[in-house]
Structures are given as structure tokens and as C-alpha cells.
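Have a look at structure-v4.txt; it's compact mmCIF, C-alpha atoms and all ligand atoms:
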```
# COMPACT_ATOMS: atom_id res chain seq x y z
CA MET B 270 163.27 130.19 70.03
CA ARG B 271 160.79 132.67 71.50
CA SER B 272 157.99 131.38 69.22
CA ILE B 273 158.70 127.75 70.27
CA MET B 274 158.41 128.73 73.93
CA LEU B 275 155.19 130.61 73.22
CA ALA B 276 153.76 127.54 71.43
CA VAL B 277 154.73 125.32 74.42
CA LEU B 278 153.05 127.74 76.84
CA ILE B 279 149.86 127.88 74.74
CA CYS B 280 149.75 124.06 74.54
CA ALA B 281 150.21 123.74 78.30
CA ALA B 282 147.42 126.25 78.91
CA LEU B 283 145.09 124.42 76.50
CA LEU B 284 145.86 121.06 78.08
CA GLY B 285 145.17 122.53 81.51
CA LEU B 286 141.86 123.90 80.34
CA ALA B 287 140.90 120.57 78.82
CA ALA B 288 141.79 118.77 82.03
CA CYS B 289 139.67 121.23 84.05
CA GLY B 290 136.79 120.92 81.62
CA SER B 291 136.79 117.15 81.81
CA LYS B 292 136.94 117.06 85.62
CA GLU B 293 134.13 114.78 86.70
CA LYS B 294 131.28 116.70 88.32
CA VAL B 295 129.82 115.40 91.58
CA LEU B 296 126.12 115.69 92.34
CA TYR B 297 125.11 115.34 96.00
CA VAL B 298 121.63 113.92 96.51
CA PHE B 299 120.64 113.88 100.19
CA ASN B 300 118.06 111.11 100.38
CA TRP B 301 116.25 108.71 102.72
CA SER B 302 117.99 105.35 102.93
CA ASP B 303 116.81 102.56 100.58
CA TYR B 304 114.95 105.12 98.50
CA ILE B 305 116.47 104.95 94.99
CA ASP B 306 117.36 102.22 92.53
CA PRO B 307 121.20 102.15 92.38
CA ALA B 308 121.08 100.91 88.75
CA LEU B 309 119.40 104.18 87.74
CA VAL B 310 122.07 106.19 89.52
CA LYS B 311 124.76 104.31 87.62
CA GLN B 312 122.95 104.87 84.33
CA PHE B 313 122.71 108.61 84.99
CA GLU B 314 126.42 108.78 85.90
CA GLN B 315 127.33 107.12 82.61
CA GLN B 316 125.02 109.33 80.55
CA HIS B 317 126.29 112.54 82.17
CA ASN B 318 129.90 111.60 82.82
CA CYS B 319 129.54 112.53 86.48
CA LYS B 320 129.47 111.01 89.95
CA VAL B 321 126.29 110.97 92.03
CA LYS B 322 126.85 110.72 95.77
CA ILE B 323 123.88 109.81 97.92
CA PRO B 324 124.40 110.51 101.61
CA THR B 325 121.34 109.25 103.50
CA TYR B 326 119.18 110.20 106.49
CA ASP B 327 116.49 108.43 108.46
CA SER B 328 114.27 111.32 109.51
CA ASN B 329 113.12 114.69 108.24
CA GLU B 330 114.44 116.26 111.42
CA SER B 331 117.99 114.98 110.93
CA MET B 332 117.88 115.97 107.23
CA PHE B 333 116.80 119.49 108.20
CA ALA B 334 119.44 119.84 110.94
CA LYS B 335 122.17 118.76 108.52
CA ILE B 336 121.00 121.15 105.81
CA GLU B 337 120.88 124.01 108.32
CA SER B 338 124.45 123.38 109.38
CA THR B 339 126.04 122.44 106.04
CA ARG B 340 123.75 123.74 103.34
CA GLU B 341 126.31 123.95 100.57
CA SER B 342 127.04 120.21 100.90
CA PHE B 343 123.99 119.09 98.94
CA ASP B 344 122.39 119.80 95.57
CA ILE B 345 119.12 117.89 95.98
CA ALA B 346 117.19 116.74 99.06
CA VAL B 347 114.02 114.63 99.42
CA PRO B 348 111.95 116.05 102.29
CA SER B 349 108.40 115.08 103.21
CA GLY B 350 105.71 117.70 102.58
CA ASP B 351 105.82 119.42 105.99
CA HIS B 352 109.59 119.84 105.66
CA VAL B 353 109.28 121.18 102.09
CA THR B 354 107.27 124.03 103.62
CA LEU B 355 109.82 124.52 106.38
CA LEU B 356 112.81 124.55 103.98
CA ALA B 357 110.96 126.93 101.65
CA GLN B 358 110.07 129.29 104.51
CA LYS B 359 113.70 129.35 105.57
CA GLY B 360 114.63 130.38 102.03
CA TYR B 361 116.78 127.32 101.40
CA LEU B 362 115.05 126.15 98.20
CA GLU B 363 115.54 127.04 94.55
CA PRO B 364 112.26 127.89 92.75
CA LEU B 365 111.76 125.33 89.98
CA ASP B 366 112.23 126.33 86.37
CA LEU B 367 109.80 123.94 84.71
CA LYS B 368 111.35 124.61 81.29
CA LYS B 369 114.26 122.50 82.53
CA LEU B 370 112.03 119.55 83.46
CA SER B 371 110.86 118.17 80.13
CA HIS B 372 109.09 115.21 81.84
CA TRP B 373 107.19 117.27 84.44
CA GLY B 374 104.02 116.48 82.46
CA ASN B 375 104.34 112.82 83.50
CA LEU B 376 103.27 113.74 87.04
CA ASP B 377 99.69 112.99 88.02
CA PRO B 378 97.79 116.35 88.11
CA LYS B 379 95.75 115.13 91.11
CA LEU B 380 98.91 114.49 93.10
CA LEU B 381 100.39 117.81 92.01
CA GLU B 382 97.26 119.40 93.42
CA LYS B 383 97.79 117.53 96.71
CA ALA B 384 101.41 118.74 96.72
CA ARG B 385 100.17 122.31 96.54
CA SER B 386 98.94 121.89 100.14
CA PHE B 387 102.58 121.99 101.29
CA ASP B 388 104.10 123.71 98.24
CA PRO B 389 101.69 126.40 96.96
CA GLY B 390 101.90 126.78 93.19
CA ASN B 391 104.19 123.70 92.92
CA GLN B 392 106.99 126.20 93.23
CA TYR B 393 109.78 124.09 94.74
CA ALA B 394 108.91 120.42 95.04
CA VAL B 395 108.89 117.58 92.50
CA PRO B 396 106.76 114.77 94.01
CA TYR B 397 108.90 111.61 94.34
CA PHE B 398 106.92 108.94 96.23
CA TRP B 399 103.99 108.84 98.63
CA GLY B 400 103.08 106.36 101.29
CA VAL B 401 101.47 105.38 104.55
CA THR B 402 102.79 103.99 107.82
CA GLY B 403 101.73 100.76 109.50
CA LEU B 404 103.00 97.74 111.41
CA LEU B 405 105.53 95.18 110.17
CA TYR B 406 105.53 91.82 111.94
CA ASN B 407 107.15 88.42 111.79
CA LYS B 408 104.58 85.61 111.61
CA LYS B 409 107.02 83.26 113.29
CA ASN B 410 106.99 85.39 116.41
CA VAL B 411 103.59 87.08 116.59
CA PRO B 412 100.55 84.79 116.89
CA ALA B 413 97.47 85.44 114.72
CA GLU B 414 95.52 86.01 117.94
CA VAL B 415 97.56 89.15 118.65
CA LEU B 416 97.36 90.39 115.04
CA LYS B 417 93.66 89.84 114.54
CA SER B 418 92.49 93.21 115.88
CA GLY B 419 94.46 94.95 113.10
CA SER B 420 94.63 97.90 115.49
CA TRP B 421 97.44 100.22 116.58
CA SER B 422 96.58 99.01 120.08
CA MET B 423 98.45 95.74 119.47
CA LEU B 424 101.57 97.76 120.33
CA ALA B 425 100.41 97.52 123.96
CA ASP B 426 99.38 93.84 123.79
CA LYS B 427 100.29 91.98 126.95
CA TYR B 428 101.78 89.24 124.78
CA PHE B 429 104.81 91.53 124.32
CA ASN B 430 105.12 92.54 127.99
CA GLY B 431 108.68 92.20 129.23
CA LYS B 432 109.87 90.71 125.92
CA GLN B 433 111.71 93.75 124.47
CA LYS B 434 110.52 92.91 120.97
CA VAL B 435 108.56 95.95 119.76
CA SER B 436 109.85 99.09 118.08
CA MET B 437 108.46 102.35 116.74
CA LEU B 438 109.94 104.80 114.25
CA GLU B 439 112.31 107.52 115.34
CA ASP B 440 109.84 110.02 114.00
CA ALA B 441 107.87 112.27 116.33
CA ARG B 442 105.12 112.99 113.80
CA GLU B 443 104.64 109.28 113.07
CA VAL B 444 104.75 108.06 116.67
CA VAL B 445 102.53 110.77 118.14
CA GLY B 446 100.45 110.65 114.95
CA ALA B 447 99.72 106.94 115.41
CA ALA B 448 98.65 107.56 119.01
CA LEU B 449 96.41 110.46 117.95
CA ILE B 450 94.76 108.36 115.24
CA SER B 451 94.24 105.45 117.62
CA LYS B 452 92.21 107.80 119.82
CA GLY B 453 90.17 109.19 116.93
CA PHE B 454 92.13 112.45 116.44
CA GLY B 455 93.96 113.63 113.33
CA VAL B 456 97.77 113.63 113.12
CA ASN B 457 97.86 117.43 112.97
CA ASP B 458 95.77 117.96 116.10
CA THR B 459 97.83 119.72 118.76
CA SER B 460 94.92 120.60 121.05
CA GLU B 461 95.47 119.89 124.75
CA GLN B 462 92.72 117.29 124.73
CA ALA B 463 94.19 115.41 121.77
CA LEU B 464 97.75 115.44 123.07
CA ALA B 465 96.64 114.35 126.56
CA ALA B 466 94.86 111.35 125.01
CA ALA B 467 97.91 110.59 122.85
CA ALA B 468 100.21 110.81 125.89
CA GLN B 469 98.17 108.17 127.70
CA VAL B 470 98.28 105.79 124.76
CA LEU B 471 101.99 106.36 124.23
CA LYS B 472 102.71 105.53 127.88
CA ALA B 473 100.90 102.21 127.48
CA TRP B 474 102.70 101.40 124.20
CA ASP B 475 106.07 102.50 125.59
CA GLN B 476 106.03 99.67 128.13
CA ASN B 477 106.59 97.30 125.21
CA ILE B 478 108.81 99.53 123.07
CA THR B 479 112.50 98.68 123.12
CA GLN B 480 113.65 101.29 120.64
CA TYR B 481 112.50 104.24 118.57
CA ASP B 482 114.42 103.59 115.39
CA SER B 483 113.88 103.89 111.65
CA GLU B 484 116.73 101.75 110.33
CA ALA B 485 117.83 98.78 112.44
CA TYR B 486 114.34 97.30 112.66
CA LYS B 487 114.38 96.52 108.93
CA ASN B 488 116.77 93.61 109.43
CA GLU B 489 115.73 92.93 112.99
CA VAL B 490 112.13 91.95 112.19
CA ALA B 491 113.52 89.44 109.70
CA ASP B 492 116.10 87.97 112.08
CA GLY B 493 113.72 87.83 115.08
CA THR B 494 115.41 90.51 117.20
CA THR B 495 112.23 92.58 116.79
CA TRP B 496 108.80 90.99 116.38
CA LEU B 497 106.57 93.99 115.68
CA ALA B 498 107.68 97.36 114.31
CA GLN B 499 106.05 100.56 113.16
CA ALA B 500 107.25 100.96 109.55
CA TYR B 501 106.85 103.02 106.38
CA ASN B 502 104.99 100.80 103.91
CA GLY B 503 107.67 100.60 101.18
CA ASP B 504 110.44 99.81 103.65
CA ALA B 505 108.27 97.02 105.06
CA LEU B 506 107.50 95.67 101.58
CA GLN B 507 111.20 95.63 100.66
CA GLN B 508 111.78 93.34 103.66
CA MET B 509 108.74 91.21 102.85
CA GLU B 510 110.23 90.54 99.39
CA LEU B 511 113.23 88.96 101.11
CA ASN B 512 111.41 87.02 103.82
CA LYS B 513 108.05 85.34 103.40
CA ASP B 514 107.48 85.19 107.18
CA LEU B 515 106.97 88.94 107.32
CA GLY B 516 103.63 90.70 107.03
CA PHE B 517 102.42 94.30 107.12
CA ILE B 518 99.23 95.75 108.56
CA LEU B 519 97.55 99.03 107.71
CA PRO B 520 95.91 99.67 111.10
CA VAL B 521 92.12 99.71 111.05
CA GLU B 522 91.87 103.14 112.65
CA GLY B 523 93.78 104.72 109.74
CA SER B 524 97.29 106.03 109.32
CA SER B 525 99.47 108.97 108.43
CA LEU B 526 99.86 109.84 104.77
CA TRP B 527 102.91 111.59 103.37
CA MET B 528 104.49 112.62 100.12
CA ASP B 529 108.25 113.02 99.71
CA SER B 530 109.54 115.38 97.02
CA MET B 531 112.81 116.23 95.31
CA VAL B 532 113.91 119.82 95.88
CA ILE B 533 116.96 121.72 94.66
CA LEU B 534 118.82 123.66 97.32
CA LYS B 535 119.42 127.32 96.59
CA SER B 536 123.06 126.84 97.59
CA SER B 537 123.60 124.05 95.02
CA GLN B 538 126.72 124.55 92.91
CA ASN B 539 125.41 122.11 90.28
CA LYS B 540 121.93 123.27 89.43
CA GLU B 541 122.02 122.20 85.77
CA LEU B 542 123.07 118.69 86.74
CA ALA B 543 120.46 118.67 89.52
CA TYR B 544 117.75 119.49 86.97
CA ALA B 545 119.08 116.80 84.65
CA PHE B 546 118.97 114.23 87.47
CA ILE B 547 115.42 115.09 88.49
CA ASP B 548 114.28 115.08 84.86
CA PHE B 549 115.94 111.69 84.37
CA LEU B 550 113.98 110.30 87.35
CA LEU B 551 110.79 111.76 85.91
CA GLU B 552 111.15 109.83 82.65
CA ALA B 553 108.34 107.28 82.67
CA GLU B 554 110.50 104.16 82.35
CA ASN B 555 112.97 105.37 84.97
CA ALA B 556 110.19 106.30 87.39
CA ARG B 557 108.68 102.85 86.82
CA ALA B 558 111.97 101.10 87.56
CA ASN B 559 112.52 103.25 90.64
CA ALA B 560 109.05 102.51 92.05
CA ASP B 561 109.51 98.83 91.34
CA TYR B 562 112.78 98.89 93.27
CA VAL B 563 111.77 100.95 96.32
CA MET B 564 108.18 99.61 96.49
CA TYR B 565 106.51 102.95 97.16
CA ALA B 566 103.60 104.50 95.25
CA THR B 567 104.75 106.76 92.42
CA PRO B 568 103.09 110.11 91.65
CA ASN B 569 104.25 109.64 88.04
CA ALA B 570 101.09 108.81 86.08
CA GLU B 571 103.02 107.66 82.98
CA ALA B 572 105.14 105.31 85.10
CA GLY B 573 101.93 104.01 86.67
CA LYS B 574 100.81 102.84 83.20
CA LEU B 575 104.03 100.84 82.80
CA LEU B 576 104.01 99.19 86.23
CA ASP B 577 102.91 95.59 86.62
CA PRO B 578 99.20 95.45 87.60
CA ALA B 579 100.28 93.27 90.54
CA PHE B 580 102.25 96.28 91.80
CA THR B 581 99.59 98.95 91.29
CA GLY B 582 96.98 96.49 92.60
CA ASN B 583 98.92 95.87 95.81
CA THR B 584 96.76 97.52 98.47
CA LEU B 585 99.72 97.84 100.84
CA ILE B 586 101.37 100.15 98.26
CA TYR B 587 98.23 101.79 96.87
CA PRO B 588 95.67 101.53 99.69
CA PRO B 589 92.04 101.61 98.53
CA ALA B 590 90.23 104.97 98.58
CA GLU B 591 88.19 103.97 101.65
CA TYR B 592 91.42 103.45 103.58
CA VAL B 593 93.02 106.66 102.30
CA ASP B 594 89.91 108.46 103.58
CA LYS B 595 90.88 107.36 107.08
CA CYS B 596 94.42 108.73 106.69
CA TYR B 597 95.78 112.15 107.53
CA MET B 598 98.41 113.98 105.53
CA ILE B 599 101.20 115.13 107.87
CA GLU B 600 101.02 118.93 107.59
CA PHE B 601 103.42 121.72 108.44
CA LEU B 602 102.44 122.99 111.90
CA GLY B 603 104.86 125.86 112.41
CA ASP B 604 105.64 126.44 116.10
CA LYS B 605 102.85 124.10 117.14
CA VAL B 606 105.01 121.11 116.20
CA LYS B 607 106.97 121.75 119.39
CA ALA B 608 104.15 120.24 121.48
CA ILE B 609 104.38 117.02 119.42
CA ASN B 610 108.19 116.92 119.57
CA ASP B 611 108.15 117.54 123.33
CA LEU B 612 105.67 114.74 123.91
CA PHE B 613 107.75 112.34 121.83
CA GLU B 614 110.94 113.27 123.72
CA LYS B 615 109.20 112.87 127.07
CA ILE B 616 107.97 109.39 126.18
CA ARG B 617 111.16 108.06 124.69
CA MET B 618 113.43 109.53 127.39
CA ASN B 619 111.27 108.12 130.13
N1 LIG B 701 113.27 104.48 103.21
C1 LIG B 701 112.42 105.50 102.72
C2 LIG B 701 111.53 106.07 103.78
C3 LIG B 701 110.66 107.15 103.27
C4 LIG B 701 109.86 107.72 104.34
N2 LIG B 701 109.16 108.82 103.99
C5 LIG B 701 108.93 109.77 105.00
C6 LIG B 701 107.81 109.59 105.88
C7 LIG B 701 107.73 110.66 106.93
N3 LIG B 701 106.57 110.62 107.68
```
Is it possible to give me this structure as C-alpha cells?
Ligand code: SPD
Amino acid sequence: MRSIMLAVLICAALLGLAACGSKEKVLYVFNWSDYIDPALVKQFEQQHNCKVKIPTYDSNESMFAKIESTRESFDIAVPSGDHVTLLAQKGYLEPLDLKKLSHWGNLDPKLLEKARSFDPGNQYAVPYFWGVTGLLYNKKNVPAEVLKSGSWSMLADKYFNGKQKVSMLEDAREVVGAALISKGFGVNDTSEQALAAAAQVLKAWDQNITQYDSEAYKNEVADGTTWLAQAYNGDALQQMELNKDLGFILPVEGSSLWMDSMVILKSSQNKELAYAFIDFLLEAENARANADYVMYATPNAEAGKLLDPAFTGNTLIYPPAEYVDKCYMIEFLGDKVKAINDLFEKIRMN
């Protein structure tokens, strides 16, 4: 009798262990919205018998605030370069073990070098996509006459006065950056002279701006609620795929330039799965499919070889070198960023 009971107990314990072992793991990837191909996520879930949850954010600032308050909630995040530096300085990032990223070699060495400007030694960040910021418009609503300057200054065009049809991103670095560039300064210039010039421009633009927003405008430019919107290039191109009346301008004065990267949070409870996910996205064919879906420029050189030449030849995704020369990488500014944030708050709260 005693041996039967013992056998039952052992079986129950083994079954329990098996049930625990087979419990589906959940990977939390904190990402920008519209920034990953859902088919790839599904494929990874099937391959790894896990669930990938992708809570989203619409600015580096909100991503950072959330990570500060609930760090253990996420395994991977996708900050822009300046915020990679900030997260690393705060000690929130896991140093990369490149032995666990078998497809790291697919990354373009030139872009890895660029990434070292915000992540010395490529210690924490796996470049994901890079891009520029410009102006999305609806041809049905904005006459060619207004668009022809190709300049940031069209944000202040009198055509829009009193119409409540213009928006800019909810992104201090992008909004103040655009104003700085329009006055011939770089996006990282926090000198008094530069910010005073930017403040003047922003006041003029603000008369036409209805909202500072990075999400709603995507549908609103298509449906005519908004006629002209500052936009990240890939987000604009995703909308242009759906609506042939939309167009996108890279302003003649130049633009901001940024690179978003995947990082693993030190507090992640699922580091092995996080590595597997990043490595999966680094595989050339997966990186190709992802770029094709999100319409941003990939830093994955092997994926670049697989992309349609119409994609890599699209100058709104891969601007020509002479345009890139007029662009400024958004850099980490430490405490100096406060002057930019304060100016943005002052303008939008006005
Ligand atoms: N929907 C994806 C948006 C990606 C934007 N990248 C960040 C740019 C920050 N200046």
C-alpha cells in the first residue's frame, strides 16, 4: 500500500514539474508603434513556443519614464540613440554577449561605427532602423503653391492660418530640432543664440499648429482632419502606401537623423529568449521582411542585399548622401536637454 502511495506521489510531482516546464514564456518587447512586422512575431512565437507581448510608446521620453517606474515589466526596448546613452548611464541596460547573437555579422560595419557615437564599443545596442523626419501632406488639401518651397517654413504658411490643420510631433528634440535647422543651426545646439532663434520660429509655426502628436496624425492626414504634419519618414511612407493622395517632403534645409536600437534591460527575467528574439530579427530574411513592412532603412547589410531595388532606391527611405550631409544626428545632451524640453513645453502650453 505504502509503495503505491509513494508511486502516486512521485507521478504527481513529475506531472507538476512537466506542467511548470511547459508553461508558455512571455517576452515583453517595449517598442514604438507600427514598428515591427506582426507576421515575424507570430513566426518567432511558434518557433520558440512562447508569447511575445509588444506594448508600444510614441516617444523616447514616455518610454524612458515607463522604464524608470516599472523596469521589470520589459525584456527589450527600442530607444533612439540619445536614449540608449541615457539608459546605459542609468545602469538599466544589459551588456551584450555577442556570442549569443549569431547574426550580428549581418549588421553594416559603417552603421555600427555610427552607433558607437551613442553606444561606445557597441556595448548595449543592436541597431534596428534609422530614419529622418520631414513633412507629410495631403495633395487634396495642400496646393502645390504652398509645397513648392520644400522648406520647414511652410509650417507657418498663411494658407493654413486659422484652419487648424497642421500638426507637429510630440517630440521636443524633433520639434525644436526642426526650428533650429530651419535657422541654420544643428539639432544639438543649445546655445542661447540658437535657442532664441528657434523660439521665434516656433512661435510663428505654433499659430498654425493644432496639436503636437505622434500617433493620431497618421490617420488624420489621410482622412483630411490634418493637412500637413511633421512625421518620421517610415510612418509617413506606411500611410502613403494606403493613400495615393499623400506625399512626403524632406525639407530643403535638412533634417534630424536618428537610429533606433534594440536593447536588453538588465532587469529582464527572460534574457535567453530576448537574445533569441533579437537574433531572429537579425537574420537577413527576417530583417528584410521587417524593413519591407515598416518602411524604414535597415542597418542590416545582408537584408539590404535582399530588398527590392525599388525599396533601397527610394530616396525618402534612403536619402542621398548629399541630403544626409545636411542632417544632424540627435545626440545625448545630458543636462543641456532641459533647455530644449523647456522651450518645447513653453511653446506647446502657450
Ligand atoms: N513608428 C516608429 C517611429 C520610430 C521613430 N523613431 C524615433 C525618432 C526619434 N527622433
*asked:* Would you compute the distance between atom CA of His372 of chain B and atom CA of Gly503 of chain B? Give it in Å to one decimal.
replied: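 Computed distance, atom CA of His372 of chain B to atom CA of Gly503 of chain B, equals 24.3 Å.
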Any idea what's packed within 12 Å of Lys368 of chain B, counting only C-alpha atoms, ignoring anything in its chain fewer than 6 positions away? Could you give it as a PDB file with C-alpha atoms, in the frame of the given file?
```
ATOM      1  CA  GLY B 374     104.020 116.480  82.460  1.00  0.00           C
ATOM      2  CA  GLU B 541     122.020 122.200  85.770  1.00  0.00           C
ATOM      3  CA  TYR B 544     117.750 119.490  86.970  1.00  0.00           C
ATOM      4  CA  ALA B 545     119.080 116.800  84.650  1.00  0.00           C
ATOM      5  CA  ASP B 548     114.280 115.080  84.860  1.00  0.00           C
TER       6      ASP B 548
END
```
Each residue of segment 285-357 of chain B lying at most 8 Å from segment 378-392 of chain B should get a row with its shortest atom-to-atom pair and the distance in Å to one decimal, counting all atoms listed in the file; could you produce that, ordered by chain and increasing number, as a Markdown table?
```
| residue | atom | partner | partner_atom | distance |
| --- | --- | --- | --- | --- |
| B:Gly350 | CA | B:Phe387 | CA | 5.5 |
| B:Asp351 | CA | B:Phe387 | CA | 6.3 |
| B:Val353 | CA | B:Phe387 | CA | 6.8 |
| B:Thr354 | CA | B:Phe387 | CA | 5.6 |
```
With ligand LIG 701 (chain B) as the partner and 8 Å as the cut-off, tabulate the residues of chain B that qualify, each row holding the nearest pair of atoms and their distance in Å to one decimal, using all atoms listed in the file, sorted by chain and rising number, as a Markdown table.
```
| residue | atom | partner | partner_atom | distance |
| --- | --- | --- | --- | --- |
| B:Trp301 | CA | B:LIG701 | C1 | 5.0 |
| B:Ser302 | CA | B:LIG701 | N1 | 4.8 |
| B:Asp303 | CA | B:LIG701 | N1 | 4.8 |
| B:Tyr304 | CA | B:LIG701 | C1 | 4.9 |
| B:Asp327 | CA | B:LIG701 | C2 | 7.2 |
| B:Ser328 | CA | B:LIG701 | C7 | 7.1 |
| B:Asn329 | CA | B:LIG701 | C7 | 6.9 |
| B:Pro348 | CA | B:LIG701 | C5 | 7.5 |
| B:Ser349 | CA | B:LIG701 | C5 | 5.6 |
| B:Trp399 | CA | B:LIG701 | N2 | 7.4 |
| B:Gly400 | CA | B:LIG701 | N2 | 7.1 |
| B:Val401 | CA | B:LIG701 | C6 | 7.7 |
| B:Thr402 | CA | B:LIG701 | N3 | 7.6 |
| B:Asp440 | CA | B:LIG701 | N3 | 7.1 |
| B:Arg442 | CA | B:LIG701 | N3 | 6.7 |
| B:Glu443 | CA | B:LIG701 | N3 | 5.9 |
| B:Tyr501 | CA | B:LIG701 | C4 | 5.9 |
| B:Gly503 | CA | B:LIG701 | C1 | 7.0 |
| B:Asp504 | CA | B:LIG701 | N1 | 5.5 |
| B:Ser525 | CA | B:LIG701 | N3 | 7.3 |
| B:Leu526 | CA | B:LIG701 | N3 | 7.4 |
| B:Trp527 | CA | B:LIG701 | N3 | 5.7 |
| B:Met528 | CA | B:LIG701 | N2 | 7.2 |
| B:Asp529 | CA | B:LIG701 | N2 | 6.1 |
| B:Val563 | CA | B:LIG701 | C1 | 7.9 |
| B:Ile599 | CA | B:LIG701 | N3 | 7.0 |
```
*atom CA of Ser418 of chain B to atom CA of Val521 of chain B, distance in Å rounded to a single decimal*: 8.1 Å
Which residues of segment 551-613 of chain B come within 10 Å of segment 464-488 of chain B, and for each one, what is the closest pair of atoms and their distance in Å to one decimal, counting only C-alpha atoms, sorted by chain and residue number, as a Markdown table?
```
| residue | atom | partner | partner_atom | distance |
| --- | --- | --- | --- | --- |
| B:Ala608 | CA | B:Leu464 | CA | 8.2 |
| B:Ile609 | CA | B:Leu464 | CA | 7.7 |
| B:Leu612 | CA | B:Ala468 | CA | 7.0 |
| B:Phe613 | CA | B:Leu471 | CA | 8.6 |
```
*Within 6 Å of (95.7, 99.8, 111.7), only C-alpha atoms: residues as an MDAnalysis selection string?*
chainID B and resid 419:421 519:523
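Taking atom CA of Leu365 of chain B as the reference point, atom CA of Asn569 of chain B is found at 17.5 Å.
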*May I have the residues at most 12 Å from (113.3, 116.8, 81.5) in the file's coordinates, counting all atoms listed in the file, as a ChimeraX atom specification?*
/B:366-376,395,541-553,555
_Under the rule that only C-alpha atoms are counted, which of B:Leu355, B:Glu439, B:Tyr393, B:Asp604 is the nearest residue to Tyr326 of chain B?_
B:Glu439
_Nearest candidate to Gly516 of chain B (options B:Gln499, B:Asn407, B:Thr325, B:Asn619; using all atoms listed in the file)_ =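 Checking each candidate against Gly516 of chain B, we get B:Asn407 as the closest.
Residue nearest Glu293 of chain B within the list B:Lys452, B:Lys615, B:Lys320, B:Glu337: B:Lys320 [criterion: smallest interatomic distance, only C-alpha atoms].
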_Nearest to Ala556 of chain B, chosen from B:Leu575, B:Leu515, B:Ala498, B:Leu438, with only C-alpha atoms counted in the distances_ = B:Leu575
Since fewer atoms than expected are present, regenerate all heavy atoms for segment 540-547 of chain B and write them as a short mmCIF file (atom, residue, chain, number, x, y, z; two decimals), in the coordinates of the input.
```
data_model
loop_
_atom_site.label_atom_id
_atom_site.label_comp_id
_atom_site.auth_asym_id
_atom_site.auth_seq_id
_atom_site.Cartn_x
_atom_site.Cartn_y
_atom_site.Cartn_z
N LYS B 540 123.38 123.25 89.69
CA LYS B 540 121.93 123.27 89.43
C LYS B 540 121.56 122.60 88.10
O LYS B 540 120.55 121.91 88.02
CB LYS B 540 121.41 124.70 89.48
CG LYS B 540 121.54 125.28 90.89
CD LYS B 540 120.61 126.42 91.15
CE LYS B 540 120.75 126.86 92.59
NZ LYS B 540 121.63 128.01 92.81
N GLU B 541 122.39 122.79 87.07
CA GLU B 541 122.02 122.20 85.77
C GLU B 541 121.99 120.68 85.88
O GLU B 541 121.09 120.02 85.38
CB GLU B 541 122.99 122.65 84.67
CG GLU B 541 122.90 124.13 84.32
CD GLU B 541 121.45 124.58 84.03
OE1 GLU B 541 120.78 123.93 83.21
OE2 GLU B 541 121.00 125.58 84.63
N LEU B 542 123.01 120.14 86.57
CA LEU B 542 123.07 118.69 86.74
C LEU B 542 121.93 118.20 87.64
O LEU B 542 121.35 117.13 87.43
CB LEU B 542 124.44 118.31 87.34
CG LEU B 542 124.88 116.86 87.20
CD1 LEU B 542 124.90 116.42 85.74
CD2 LEU B 542 126.27 116.66 87.81
N ALA B 543 121.57 119.03 88.62
CA ALA B 543 120.46 118.67 89.52
C ALA B 543 119.16 118.58 88.71
O ALA B 543 118.38 117.62 88.86
CB ALA B 543 120.34 119.70 90.63
N TYR B 544 118.93 119.55 87.83
CA TYR B 544 117.75 119.49 86.97
C TYR B 544 117.78 118.24 86.09
O TYR B 544 116.78 117.55 85.92
CB TYR B 544 117.66 120.73 86.07
CG TYR B 544 116.97 121.90 86.71
CD1 TYR B 544 117.68 123.04 87.08
CD2 TYR B 544 115.59 121.88 86.94
CE1 TYR B 544 117.03 124.13 87.67
CE2 TYR B 544 114.94 122.95 87.53
CZ TYR B 544 115.66 124.07 87.89
OH TYR B 544 115.02 125.13 88.48
N ALA B 545 118.97 117.96 85.54
CA ALA B 545 119.08 116.80 84.65
C ALA B 545 118.75 115.51 85.41
O ALA B 545 118.07 114.62 84.89
CB ALA B 545 120.49 116.73 84.06
N PHE B 546 119.22 115.44 86.66
CA PHE B 546 118.97 114.23 87.47
C PHE B 546 117.47 114.08 87.77
O PHE B 546 116.90 112.99 87.61
CB PHE B 546 119.77 114.32 88.77
CG PHE B 546 119.71 113.07 89.60
CD1 PHE B 546 120.39 111.93 89.20
CD2 PHE B 546 118.98 113.03 90.79
CE1 PHE B 546 120.35 110.77 89.97
CE2 PHE B 546 118.93 111.87 91.55
CZ PHE B 546 119.62 110.73 91.15
N ILE B 547 116.85 115.17 88.17
CA ILE B 547 115.42 115.09 88.49
C ILE B 547 114.63 114.73 87.23
O ILE B 547 113.73 113.89 87.26
CB ILE B 547 114.93 116.43 89.11
CG1 ILE B 547 115.59 116.62 90.48
CG2 ILE B 547 113.42 116.48 89.22
CD1 ILE B 547 115.30 117.96 91.15
#
```
